[in-house]
file upload10.cif (mmCIF, N, CA and C atoms)
data_work
loop_
_atom_site.group_PDB
_atom_site.id
_atom_site.type_symbol
_atom_site.label_atom_id
_atom_site.label_comp_id
_atom_site.auth_asym_id
_atom_site.auth_seq_id
_atom_site.Cartn_x
_atom_site.Cartn_y
_atom_site.Cartn_z
ATOM 1 N N MET F 93 109.986 121.000 60.245
ATOM 2 C CA MET F 93 108.863 120.571 61.043
ATOM 3 C C MET F 93 109.261 120.594 62.510
ATOM 4 N N ASN F 94 108.443 121.189 63.352
ATOM 5 C CA ASN F 94 108.707 121.278 64.779
ATOM 6 C C ASN F 94 107.713 120.401 65.522
ATOM 7 N N SER F 95 108.216 119.366 66.156
ATOM 8 C CA SER F 95 107.329 118.443 66.861
ATOM 9 C C SER F 95 106.959 118.954 68.245
ATOM 10 N N GLY F 96 107.612 120.023 68.691
ATOM 11 C CA GLY F 96 107.324 120.554 70.016
ATOM 12 C C GLY F 96 108.041 119.815 71.133
ATOM 13 N N LEU F 97 108.848 118.825 70.783
ATOM 14 C CA LEU F 97 109.578 118.078 71.795
ATOM 15 C C LEU F 97 110.992 118.615 71.904
ATOM 16 N N ASN F 98 111.439 118.777 73.090
ATOM 17 C CA ASN F 98 112.789 119.247 73.345
ATOM 18 C C ASN F 98 113.662 118.030 73.620
ATOM 19 N N SER F 99 114.733 117.878 72.877
ATOM 20 C CA SER F 99 115.597 116.715 73.060
ATOM 21 C C SER F 99 116.417 116.817 74.344
ATOM 22 N N HIS F 100 116.539 118.006 74.911
ATOM 23 C CA HIS F 100 117.281 118.193 76.155
ATOM 24 C C HIS F 100 116.276 118.438 77.277
ATOM 25 N N HIS F 101 116.224 117.512 78.219
ATOM 26 C CA HIS F 101 115.270 117.622 79.323
ATOM 27 C C HIS F 101 116.008 118.015 80.596
ATOM 28 N N GLU F 102 115.601 119.103 81.193
ATOM 29 C CA GLU F 102 116.163 119.524 82.471
ATOM 30 C C GLU F 102 115.497 118.725 83.588
ATOM 31 N N PRO F 103 116.266 118.266 84.557
ATOM 32 C CA PRO F 103 115.644 117.555 85.674
ATOM 33 C C PRO F 103 114.786 118.526 86.485
ATOM 34 N N TRP F 104 113.628 118.076 86.895
ATOM 35 C CA TRP F 104 112.759 118.954 87.683
ATOM 36 C C TRP F 104 113.134 118.912 89.152
ATOM 37 N N LEU F 105 113.994 117.961 89.514
ATOM 38 C CA LEU F 105 114.414 117.806 90.892
ATOM 39 C C LEU F 105 115.922 117.607 90.916
ATOM 40 N N GLU F 106 116.585 118.365 91.744
ATOM 41 C CA GLU F 106 118.038 118.247 91.848
ATOM 42 C C GLU F 106 118.400 117.950 93.288
ATOM 43 N N PHE F 107 119.328 117.035 93.492
ATOM 44 C CA PHE F 107 119.745 116.614 94.823
ATOM 45 C C PHE F 107 121.221 116.938 94.970
ATOM 46 N N THR F 108 121.559 117.819 95.890
ATOM 47 C CA THR F 108 122.935 118.250 96.105
ATOM 48 C C THR F 108 123.348 117.925 97.538
ATOM 49 N N VAL F 109 124.545 117.391 97.711
ATOM 50 C CA VAL F 109 125.037 117.052 99.049
ATOM 51 C C VAL F 109 126.402 117.693 99.274
ATOM 52 N N SER F 110 126.776 117.775 100.523
ATOM 53 C CA SER F 110 128.084 118.310 100.891
ATOM 54 C C SER F 110 129.187 117.333 100.494
ATOM 55 N N GLU F 111 130.365 117.886 100.248
ATOM 56 C CA GLU F 111 131.521 117.052 99.931
ATOM 57 C C GLU F 111 131.782 116.097 101.090
ATOM 58 N N GLY F 112 132.008 114.855 100.784
ATOM 59 C CA GLY F 112 132.286 113.856 101.807
ATOM 60 C C GLY F 112 131.050 113.163 102.361
ATOM 61 N N PHE F 113 129.859 113.599 101.957
ATOM 62 C CA PHE F 113 128.629 113.006 102.484
ATOM 63 C C PHE F 113 128.519 111.526 102.120
ATOM 64 N N SER F 114 128.801 111.189 100.872
ATOM 65 C CA SER F 114 128.740 109.783 100.439
ATOM 66 C C SER F 114 129.729 108.930 101.225
ATOM 67 N N ASP F 115 130.933 109.458 101.436
ATOM 68 C CA ASP F 115 131.941 108.733 102.207
ATOM 69 C C ASP F 115 131.474 108.505 103.639
ATOM 70 N N TRP F 116 130.827 109.519 104.220
ATOM 71 C CA TRP F 116 130.325 109.417 105.590
ATOM 72 C C TRP F 116 129.242 108.344 105.691
ATOM 73 N N LEU F 117 128.300 108.334 104.733
ATOM 74 C CA LEU F 117 127.256 107.306 104.730
ATOM 75 C C LEU F 117 127.872 105.915 104.626
ATOM 76 N N ALA F 118 128.828 105.763 103.716
ATOM 77 C CA ALA F 118 129.469 104.460 103.509
ATOM 78 C C ALA F 118 130.257 104.029 104.748
ATOM 79 N N ALA F 119 130.983 104.956 105.367
ATOM 80 C CA ALA F 119 131.796 104.631 106.537
ATOM 81 C C ALA F 119 130.935 104.178 107.717
ATOM 82 N N HIS F 120 129.734 104.748 107.833
ATOM 83 C CA HIS F 120 128.840 104.404 108.940
ATOM 84 C C HIS F 120 127.823 103.330 108.549
ATOM 85 N N ASN F 121 127.871 102.903 107.272
ATOM 86 C CA ASN F 121 126.969 101.866 106.761
ATOM 87 C C ASN F 121 125.500 102.208 107.033
ATOM 88 N N ILE F 122 125.114 103.446 106.681
ATOM 89 C CA ILE F 122 123.741 103.889 106.911
ATOM 90 C C ILE F 122 123.144 104.499 105.649
ATOM 91 N N SER F 123 121.839 104.566 105.651
ATOM 92 C CA SER F 123 121.068 105.270 104.629
ATOM 93 C C SER F 123 120.061 106.151 105.347
ATOM 94 N N LEU F 124 119.533 107.122 104.634
ATOM 95 C CA LEU F 124 118.534 108.024 105.196
ATOM 96 C C LEU F 124 117.242 107.908 104.400
ATOM 97 N N SER F 125 116.127 108.036 105.094
ATOM 98 C CA SER F 125 114.815 108.104 104.450
ATOM 99 C C SER F 125 114.127 109.349 104.966
ATOM 100 N N PHE F 126 113.449 110.056 104.070
ATOM 101 C CA PHE F 126 112.699 111.239 104.480
ATOM 102 C C PHE F 126 111.615 111.533 103.461
ATOM 103 N N THR F 127 110.653 112.358 103.866
ATOM 104 C CA THR F 127 109.546 112.729 102.991
ATOM 105 C C THR F 127 109.561 114.229 102.747
ATOM 106 N N THR F 128 108.936 114.633 101.655
ATOM 107 C CA THR F 128 108.759 116.052 101.345
ATOM 108 C C THR F 128 107.286 116.297 101.073
ATOM 109 N N TYR F 129 106.681 117.098 101.893
ATOM 110 C CA TYR F 129 105.247 117.379 101.771
ATOM 111 C C TYR F 129 104.929 118.078 100.452
ATOM 112 N N GLN F 130 105.661 119.149 100.136
ATOM 113 C CA GLN F 130 105.354 119.942 98.939
ATOM 114 C C GLN F 130 105.537 119.142 97.652
ATOM 115 N N ALA F 131 106.625 118.402 97.546
ATOM 116 C CA ALA F 131 106.889 117.632 96.324
ATOM 117 C C ALA F 131 106.192 116.274 96.344
ATOM 118 N N GLY F 132 105.705 115.855 97.511
ATOM 119 C CA GLY F 132 105.026 114.568 97.609
ATOM 120 C C GLY F 132 105.944 113.393 97.343
ATOM 121 N N LYS F 133 107.135 113.426 97.927
ATOM 122 C CA LYS F 133 108.129 112.386 97.641
ATOM 123 C C LYS F 133 108.583 111.675 98.916
ATOM 124 N N LEU F 134 108.849 110.392 98.759
ATOM 125 C CA LEU F 134 109.545 109.591 99.755
ATOM 126 C C LEU F 134 110.923 109.310 99.174
ATOM 127 N N PHE F 135 111.972 109.700 99.895
ATOM 128 C CA PHE F 135 113.345 109.530 99.421
ATOM 129 C C PHE F 135 114.089 108.493 100.251
ATOM 130 N N PHE F 136 114.939 107.742 99.571
ATOM 131 C CA PHE F 136 115.922 106.868 100.199
ATOM 132 C C PHE F 136 117.280 107.327 99.681
ATOM 133 N N VAL F 137 118.169 107.702 100.583
ATOM 134 C CA VAL F 137 119.493 108.202 100.210
ATOM 135 C C VAL F 137 120.539 107.338 100.901
ATOM 136 N N GLY F 138 121.438 106.793 100.126
ATOM 137 C CA GLY F 138 122.493 105.961 100.674
ATOM 138 C C GLY F 138 123.611 105.831 99.662
ATOM 139 N N THR F 139 124.349 104.752 99.770
ATOM 140 C CA THR F 139 125.416 104.488 98.809
ATOM 141 C C THR F 139 125.173 103.129 98.169
ATOM 142 N N ASN F 140 125.640 102.998 96.934
ATOM 143 C CA ASN F 140 125.498 101.720 96.236
ATOM 144 C C ASN F 140 126.703 100.833 96.552
ATOM 145 N N SER F 141 126.813 99.721 95.853
ATOM 146 C CA SER F 141 127.902 98.778 96.125
ATOM 147 C C SER F 141 129.279 99.349 95.795
ATOM 148 N N ASN F 142 129.338 100.451 95.032
ATOM 149 C CA ASN F 142 130.603 101.129 94.720
ATOM 150 C C ASN F 142 130.846 102.325 95.629
ATOM 151 N N ASP F 143 130.068 102.456 96.704
ATOM 152 C CA ASP F 143 130.151 103.573 97.655
ATOM 153 C C ASP F 143 129.884 104.923 97.005
ATOM 154 N N GLN F 144 129.110 104.926 95.917
ATOM 155 C CA GLN F 144 128.684 106.176 95.286
ATOM 156 C C GLN F 144 127.291 106.520 95.791
ATOM 157 N N LEU F 145 126.978 107.808 95.845
ATOM 158 C CA LEU F 145 125.678 108.254 96.324
ATOM 159 C C LEU F 145 124.560 107.666 95.469
ATOM 160 N N SER F 146 123.536 107.184 96.133
ATOM 161 C CA SER F 146 122.368 106.625 95.463
ATOM 162 C C SER F 146 121.122 107.291 96.036
ATOM 163 N N VAL F 147 120.280 107.822 95.152
ATOM 164 C CA VAL F 147 119.038 108.471 95.568
ATOM 165 C C VAL F 147 117.888 107.783 94.846
ATOM 166 N N PHE F 148 116.921 107.326 95.619
ATOM 167 C CA PHE F 148 115.743 106.657 95.070
ATOM 168 C C PHE F 148 114.520 107.365 95.617
ATOM 169 N N GLU F 149 113.548 107.666 94.754
ATOM 170 C CA GLU F 149 112.348 108.367 95.219
ATOM 171 C C GLU F 149 111.092 107.764 94.624
ATOM 172 N N ARG F 150 110.011 107.940 95.374
ATOM 173 C CA ARG F 150 108.686 107.545 94.914
ATOM 174 C C ARG F 150 107.709 108.646 95.300
ATOM 175 N N THR F 151 106.630 108.772 94.521
ATOM 176 C CA THR F 151 105.646 109.830 94.723
ATOM 177 C C THR F 151 104.438 109.312 95.499
ATOM 178 N N PHE F 152 104.047 110.076 96.512
ATOM 179 C CA PHE F 152 102.842 109.828 97.292
ATOM 180 C C PHE F 152 102.159 111.174 97.511
ATOM 181 N N ASN F 153 100.846 111.181 97.489
ATOM 182 C CA ASN F 153 100.089 112.413 97.649
ATOM 183 C C ASN F 153 100.285 112.990 99.055
ATOM 184 N N ARG F 154 101.025 114.094 99.133
ATOM 185 C CA ARG F 154 101.289 114.810 100.389
ATOM 186 C C ARG F 154 101.827 113.896 101.489
ATOM 187 N N CYS F 155 102.887 113.188 101.194
ATOM 188 C CA CYS F 155 103.473 112.327 102.219
ATOM 189 C C CYS F 155 104.037 113.188 103.345
ATOM 190 N N MET F 156 103.869 112.695 104.554
ATOM 191 C CA MET F 156 104.250 113.488 105.724
ATOM 192 C C MET F 156 105.108 112.670 106.671
ATOM 193 N N GLY F 157 104.500 112.100 107.704
ATOM 194 C CA GLY F 157 105.243 111.409 108.744
ATOM 195 C C GLY F 157 105.928 110.150 108.251
ATOM 196 N N LEU F 158 107.080 109.850 108.853
ATOM 197 C CA LEU F 158 107.839 108.652 108.512
ATOM 198 C C LEU F 158 108.481 108.124 109.787
ATOM 199 N N ALA F 159 108.296 106.836 110.044
ATOM 200 C CA ALA F 159 108.906 106.192 111.209
ATOM 201 C C ALA F 159 109.281 104.779 110.808
ATOM 202 N N GLY F 160 110.285 104.230 111.464
ATOM 203 C CA GLY F 160 110.646 102.871 111.109
ATOM 204 C C GLY F 160 111.876 102.369 111.815
ATOM 205 N N ASN F 161 112.294 101.184 111.389
ATOM 206 C CA ASN F 161 113.524 100.570 111.865
ATOM 207 C C ASN F 161 114.188 99.883 110.671
ATOM 208 N N ASP F 162 115.068 98.936 110.912
ATOM 209 C CA ASP F 162 115.795 98.334 109.790
ATOM 210 C C ASP F 162 114.952 97.374 108.949
ATOM 211 N N GLN F 163 113.746 97.027 109.391
ATOM 212 C CA GLN F 163 112.907 96.095 108.643
ATOM 213 C C GLN F 163 111.559 96.662 108.209
ATOM 214 N N THR F 164 111.050 97.680 108.906
ATOM 215 C CA THR F 164 109.709 98.207 108.645
ATOM 216 C C THR F 164 109.728 99.723 108.591
ATOM 217 N N LEU F 165 109.003 100.287 107.631
ATOM 218 C CA LEU F 165 108.792 101.734 107.559
ATOM 219 C C LEU F 165 107.292 101.998 107.529
ATOM 220 N N TRP F 166 106.864 103.005 108.284
ATOM 221 C CA TRP F 166 105.486 103.498 108.236
ATOM 222 C C TRP F 166 105.530 104.916 107.709
ATOM 223 N N MET F 167 104.648 105.228 106.754
ATOM 224 C CA MET F 167 104.591 106.573 106.192
ATOM 225 C C MET F 167 103.133 106.992 106.066
ATOM 226 N N SER F 168 102.867 108.248 106.413
ATOM 227 C CA SER F 168 101.510 108.768 106.238
ATOM 228 C C SER F 168 101.477 109.673 105.017
ATOM 229 N N SER F 169 100.372 109.593 104.289
ATOM 230 C CA SER F 169 100.128 110.490 103.162
ATOM 231 C C SER F 169 98.772 111.153 103.399
ATOM 232 N N LEU F 170 98.289 111.895 102.435
ATOM 233 C CA LEU F 170 97.078 112.685 102.631
ATOM 234 C C LEU F 170 95.913 111.855 103.162
ATOM 235 N N TYR F 171 95.669 110.700 102.569
ATOM 236 C CA TYR F 171 94.524 109.880 102.978
ATOM 237 C C TYR F 171 94.895 108.447 103.330
ATOM 238 N N GLN F 172 96.188 108.159 103.488
ATOM 239 C CA GLN F 172 96.580 106.779 103.736
ATOM 240 C C GLN F 172 97.730 106.681 104.726
ATOM 241 N N LEU F 173 97.790 105.533 105.371
ATOM 242 C CA LEU F 173 98.920 105.140 106.197
ATOM 243 C C LEU F 173 99.502 103.892 105.541
ATOM 244 N N TRP F 174 100.786 103.961 105.180
ATOM 245 C CA TRP F 174 101.456 102.893 104.436
ATOM 246 C C TRP F 174 102.440 102.149 105.329
ATOM 247 N N ARG F 175 102.504 100.821 105.169
ATOM 248 C CA ARG F 175 103.521 100.007 105.840
ATOM 249 C C ARG F 175 104.376 99.346 104.767
ATOM 250 N N PHE F 176 105.683 99.597 104.829
ATOM 251 C CA PHE F 176 106.659 98.997 103.920
ATOM 252 C C PHE F 176 107.499 98.002 104.719
ATOM 253 N N GLU F 177 107.794 96.870 104.110
ATOM 254 C CA GLU F 177 108.632 95.856 104.752
ATOM 255 C C GLU F 177 109.836 95.547 103.878
ATOM 256 N N ASN F 178 110.978 95.340 104.523
ATOM 257 C CA ASN F 178 112.164 94.866 103.821
ATOM 258 C C ASN F 178 111.962 93.379 103.542
ATOM 259 N N ILE F 179 112.077 92.980 102.289
ATOM 260 C CA ILE F 179 111.830 91.576 101.944
ATOM 261 C C ILE F 179 113.115 90.773 101.747
ATOM 262 N N LEU F 180 114.269 91.414 101.909
ATOM 263 C CA LEU F 180 115.531 90.693 101.723
ATOM 264 C C LEU F 180 115.970 90.033 103.028
ATOM 265 N N PRO F 181 116.316 88.760 102.974
ATOM 266 C CA PRO F 181 116.888 88.118 104.154
ATOM 267 C C PRO F 181 118.255 88.729 104.483
ATOM 268 N N VAL F 182 118.659 88.604 105.722
ATOM 269 C CA VAL F 182 119.961 89.117 106.158
ATOM 270 C C VAL F 182 121.055 88.510 105.290
ATOM 271 N N GLY F 183 121.929 89.361 104.764
ATOM 272 C CA GLY F 183 123.039 88.914 103.931
ATOM 273 C C GLY F 183 122.741 88.869 102.442
ATOM 274 N N GLN F 184 121.473 88.946 102.057
ATOM 275 C CA GLN F 184 121.122 88.944 100.633
ATOM 276 C C GLN F 184 121.161 90.367 100.094
ATOM 277 N N VAL F 185 121.574 90.495 98.822
ATOM 278 C CA VAL F 185 121.697 91.799 98.170
ATOM 279 C C VAL F 185 120.873 91.775 96.891
ATOM 280 N N PHE F 186 120.206 92.898 96.590
ATOM 281 C CA PHE F 186 119.442 93.039 95.352
ATOM 282 C C PHE F 186 119.943 94.276 94.622
ATOM 283 N N ASP F 187 120.492 94.105 93.432
ATOM 284 C CA ASP F 187 121.046 95.210 92.632
ATOM 285 C C ASP F 187 122.029 96.066 93.434
ATOM 286 N N GLY F 188 122.790 95.441 94.320
ATOM 287 C CA GLY F 188 123.792 96.153 95.099
ATOM 288 C C GLY F 188 123.284 96.751 96.400
ATOM 289 N N TYR F 189 122.035 96.497 96.761
ATOM 290 C CA TYR F 189 121.450 97.084 97.974
ATOM 291 C C TYR F 189 121.049 95.988 98.954
ATOM 292 N N ASP F 190 121.223 96.268 100.250
ATOM 293 C CA ASP F 190 120.942 95.260 101.270
ATOM 294 C C ASP F 190 119.535 95.354 101.856
ATOM 295 N N ARG F 191 118.734 96.293 101.381
ATOM 296 C CA ARG F 191 117.338 96.414 101.801
ATOM 297 C C ARG F 191 116.476 96.639 100.564
ATOM 298 N N LEU F 192 115.276 96.064 100.593
ATOM 299 C CA LEU F 192 114.299 96.267 99.529
ATOM 300 C C LEU F 192 112.933 96.425 100.198
ATOM 301 N N PHE F 193 112.549 97.679 100.418
ATOM 302 C CA PHE F 193 111.285 97.977 101.083
ATOM 303 C C PHE F 193 110.158 98.021 100.057
ATOM 304 N N ILE F 194 109.143 97.215 100.287
ATOM 305 C CA ILE F 194 107.984 97.210 99.397
ATOM 306 C C ILE F 194 106.724 97.442 100.226
ATOM 307 N N PRO F 195 105.697 98.043 99.611
ATOM 308 C CA PRO F 195 104.438 98.238 100.341
ATOM 309 C C PRO F 195 103.802 96.887 100.669
ATOM 310 N N ARG F 196 103.453 96.699 101.932
ATOM 311 C CA ARG F 196 102.798 95.464 102.361
ATOM 312 C C ARG F 196 101.342 95.697 102.733
ATOM 313 N N SER F 197 101.019 96.917 103.173
ATOM 314 C CA SER F 197 99.623 97.237 103.479
ATOM 315 C C SER F 197 99.454 98.743 103.500
ATOM 316 N N SER F 198 98.220 99.158 103.313
ATOM 317 C CA SER F 198 97.887 100.574 103.458
ATOM 318 C C SER F 198 96.487 100.672 104.037
ATOM 319 N N PHE F 199 96.277 101.717 104.800
ATOM 320 C CA PHE F 199 94.993 101.964 105.437
ATOM 321 C C PHE F 199 94.501 103.324 104.981
ATOM 322 N N THR F 200 93.272 103.382 104.513
ATOM 323 C CA THR F 200 92.689 104.649 104.078
ATOM 324 C C THR F 200 92.076 105.352 105.279
ATOM 325 N N THR F 201 92.350 106.639 105.388
ATOM 326 C CA THR F 201 91.848 107.439 106.504
ATOM 327 C C THR F 201 91.008 108.586 105.968
ATOM 328 N N GLY F 202 90.284 109.227 106.858
ATOM 329 C CA GLY F 202 89.536 110.439 106.521
ATOM 330 C C GLY F 202 88.434 110.322 105.576
#
call {"tool": "encode", "arguments": {"input": "upload10.cif", "output": "structure tokens"}}
result
Amino acid sequence: MNSGLNSHHEPWLEFTVSEGFSDWLAAHNISLSFTTYQAGKLFFVGTNSNDQLSVFERTFNRCMGLAGNDQTLWMSSLYQLWRFENILPVGQVFDGYDRLFIPRSSFTTG
């Protein structure tokens, strides 16, 4: 009987970095955020508490512009403007991360 399900799933998205990139992020204590219009993704790239590369993504319809600082991020998508806020107090960690950006408001445009 063939159920049509493949037990081996290929990732539809692959993230490759240069050698030493994780070490560089950890040494400078920084993370990167960026959007991809075609894939409709918002990415957060940094290191976890073990200084290993950590990639987190979320899907938004045609996400484009991104601006922010250490506490607030603004992102535009096809019909919305999103505001994300870091909800962690200084010095607090959640699952090994020192920032936790969550959507606080969105404005519909067009």
call {"tool": "closest_atom_pairs", "arguments": {"input": "upload10.cif", "of": "range 106-142 of chain F", "to": "range 157-177 of chain F", "cutoff": "10 Å", "atoms": "only C-alpha atoms", "output": "tab-separated table"}}
result
residue	atom	partner	partner_atom	distance
F:Ser125	CA	F:Leu158	CA	8.1
F:Phe126	CA	F:Leu158	CA	6.8
F:Thr127	CA	F:Leu158	CA	7.1
F:Thr128	CA	F:Gly157	CA	9.4
F:Tyr129	CA	F:Ser169	CA	8.7
F:Gly132	CA	F:Ser169	CA	8.5
F:Lys133	CA	F:Ser169	CA	9.9
F:Leu134	CA	F:Met167	CA	8.7
call {"tool": "write_last_selection", "arguments": {"input": "upload10.cif", "atoms": "N, CA and C atoms", "output": "mmCIF file, in the frame of the given file"}}
result
data_model
loop_
_atom_site.group_PDB
_atom_site.id
_atom_site.type_symbol
_atom_site.label_atom_id
_atom_site.label_comp_id
_atom_site.auth_asym_id
_atom_site.auth_seq_id
_atom_site.Cartn_x
_atom_site.Cartn_y
_atom_site.Cartn_z
ATOM 1 N N SER F 125 116.127 108.036 105.094
ATOM 2 C CA SER F 125 114.815 108.104 104.450
ATOM 3 C C SER F 125 114.127 109.349 104.966
ATOM 4 N N PHE F 126 113.449 110.056 104.070
ATOM 5 C CA PHE F 126 112.699 111.239 104.480
ATOM 6 C C PHE F 126 111.615 111.533 103.461
ATOM 7 N N THR F 127 110.653 112.358 103.866
ATOM 8 C CA THR F 127 109.546 112.729 102.991
ATOM 9 C C THR F 127 109.561 114.229 102.747
ATOM 10 N N THR F 128 108.936 114.633 101.655
ATOM 11 C CA THR F 128 108.759 116.052 101.345
ATOM 12 C C THR F 128 107.286 116.297 101.073
ATOM 13 N N TYR F 129 106.681 117.098 101.893
ATOM 14 C CA TYR F 129 105.247 117.379 101.771
ATOM 15 C C TYR F 129 104.929 118.078 100.452
ATOM 16 N N GLY F 132 105.705 115.855 97.511
ATOM 17 C CA GLY F 132 105.026 114.568 97.609
ATOM 18 C C GLY F 132 105.944 113.393 97.343
ATOM 19 N N LYS F 133 107.135 113.426 97.927
ATOM 20 C CA LYS F 133 108.129 112.386 97.641
ATOM 21 C C LYS F 133 108.583 111.675 98.916
ATOM 22 N N LEU F 134 108.849 110.392 98.759
ATOM 23 C CA LEU F 134 109.545 109.591 99.755
ATOM 24 C C LEU F 134 110.923 109.310 99.174
#
call {"tool": "resolve_selection", "arguments": {"input": "upload10.cif", "expression": "the PyMOL selection byres (((chain F and resi 109-113 and name CA) around 12) and name CA)", "output": "PyMOL selection string"}}
result
chain F and resi 106-108+114-120+122-124+137-139+143-147
call {"tool": "atom_distance", "arguments": {"input": "upload10.cif", "atom1": "CA of Met156 in chain F", "atom2": "CA of Phe193 in chain F"}}
result
17.7 Å
call {"tool": "select_by_dssp", "arguments": {"input": "upload10.cif", "residues": "chain F", "states": "strand (DSSP E)", "output": "ChimeraX atom specification"}}
result
/F:124-128,133-139,145-151,158-160,164-168,172-178,193-200
call {"tool": "select_by_dssp", "arguments": {"input": "upload10.cif", "residues": "chain F", "states": "alpha helix (DSSP H)", "output": "MDAnalysis selection string"}}
result
chainID F and resid 113:120
